[in-house]
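*Asks:* This structure is in structure tokens; I'll ask about it shortly.
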Amino acid sequence: MDASRWSATVRGALADALTLLLPVECAGCGAEDIALCATCEAALAPAVVHGRVPGTDLALASALWFEGVPARVLRALKEDGRTSMARALGPALRVAVDSVAHDGTVIAPMPTSRAAFRRRGYRVPELLALRAGLPIRRCLRLARATADQRGLDVEGRRRNVRGSLVAAGVRGLPVIVLDDVVTTGASLEDAVRALRAEGAHVVAAVALAATPRRHGASARDGTGGFGASETAR
């Protein structure tokens with residue numbers, strides 16, 4: 001186990017232990033004295049939707065819709081430091097990956113900015129993959145800083161991240177790009193560009209959660225539409 005995976009494991013174990021010692025509330029509904037109640041845990045059961053990464057011809061599998069309980073639980077992980085939630089979310093991510101993966105596929109998590117890593121102390125896509133039992137390869141990295149995506153429209157997000165990623169060590173390999181939440185798909189689009197430029201065969205993209213379209217798509221209509229999210233990478 002490399003140092004980063006060992007560190008994530010230790011942090012997760014410490015967070016799980018603190019949950020037993022300190023007063024907690026359910027990350028999904030706010031019920032007291034429980035980290036995640038049975039009802040909210042059941043709401044994390046995957047209902048995989050297959051669509052396309054906006055702006056590309058690439059297949060996209062998402063395990064959950066980013067709304068309601070799944071959104072609150074994922075925010076607890078991303079914004080509140082509740083790393084134990086990755087254990088509850090991991091199985092859904094594994095189902096989504098298994099729906100598109102095959103033997104020999106390399107799983108490439110989206111990179112985390114230095115600022116986000118300093119703020120959280122962990123990389124969300126990598127922690128989710130660890131809890132899902134998925135081997136990963138860090139073959140994507142940020143080549144330049146980007147602005148906060150919140151408040152930007154679709155085209156603004158594309159301009160903001162275009163050319164921000166580079167890939168290495170993937171020539172000729174089948175690759176799945178892994179992210180926690182897909183909104184407009186701008187970051188995934190740039191990841192696909194970077195991987196293909198390096199000679200990778202990008203098989204698909206997988207997200208734990210996708211935001212339903214704000215115009216006319218209900219939460220589970222199977223259309224795979226996406227909208228805007230307030231959760232920053």
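FYI, nothing fancy with the structure tokens labels: chains A, B, ... in order, residues from 1 per chain, ligands from 1 as they appear.
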Would you kindly return, as a list of chain:residue names, each protein, DNA or RNA residue with an atom no farther than 7 Å from any atom of Leu140 (chain A), considering only C-alpha atoms and excluding same-chain residues fewer than 4 positions away?
*Replies:*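 In the requested format, the answer is A:Ala108, A:Met110, A:Pro111, A:Leu165, A:Val166, A:Ala167, A:Ala168.
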*Asks:* Enter the distance from CA of Glu41 (chain A) to CA of Ser62 (chain A), in Å, rounded to one decimal.
*Replies:*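 Answer for the CA of Glu41 (chain A) to CA of Ser62 (chain A) separation: 17.7 Å.
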*Asks:* Between CA of Ala186 (chain A) and CA of Thr56 (chain A), what distance in Å does the model show, to one decimal?
*Replies:*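 Separating CA of Ala186 (chain A) from CA of Thr56 (chain A) is a distance of 9.9 Å.
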*Asks:* Quick one: of A:Val106, A:Ala42, A:Ala194, A:Leu178, who's nearest to Leu60 (chain A), counting only C-alpha atoms?
*Replies:*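 So, comparing all the options, the nearest one is A:Leu178.
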*Asks:* If we count only C-alpha atoms and set the cut-off at 6 Å, which residues sit around Gly90 (chain A), ignoring sequence neighbours fewer than 6 positions away in its own chain? Please answer as a list in words.
*Replies:*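 Contacts, with the query itself left out: Leu128, Arg131 and Ala132 of chain A.
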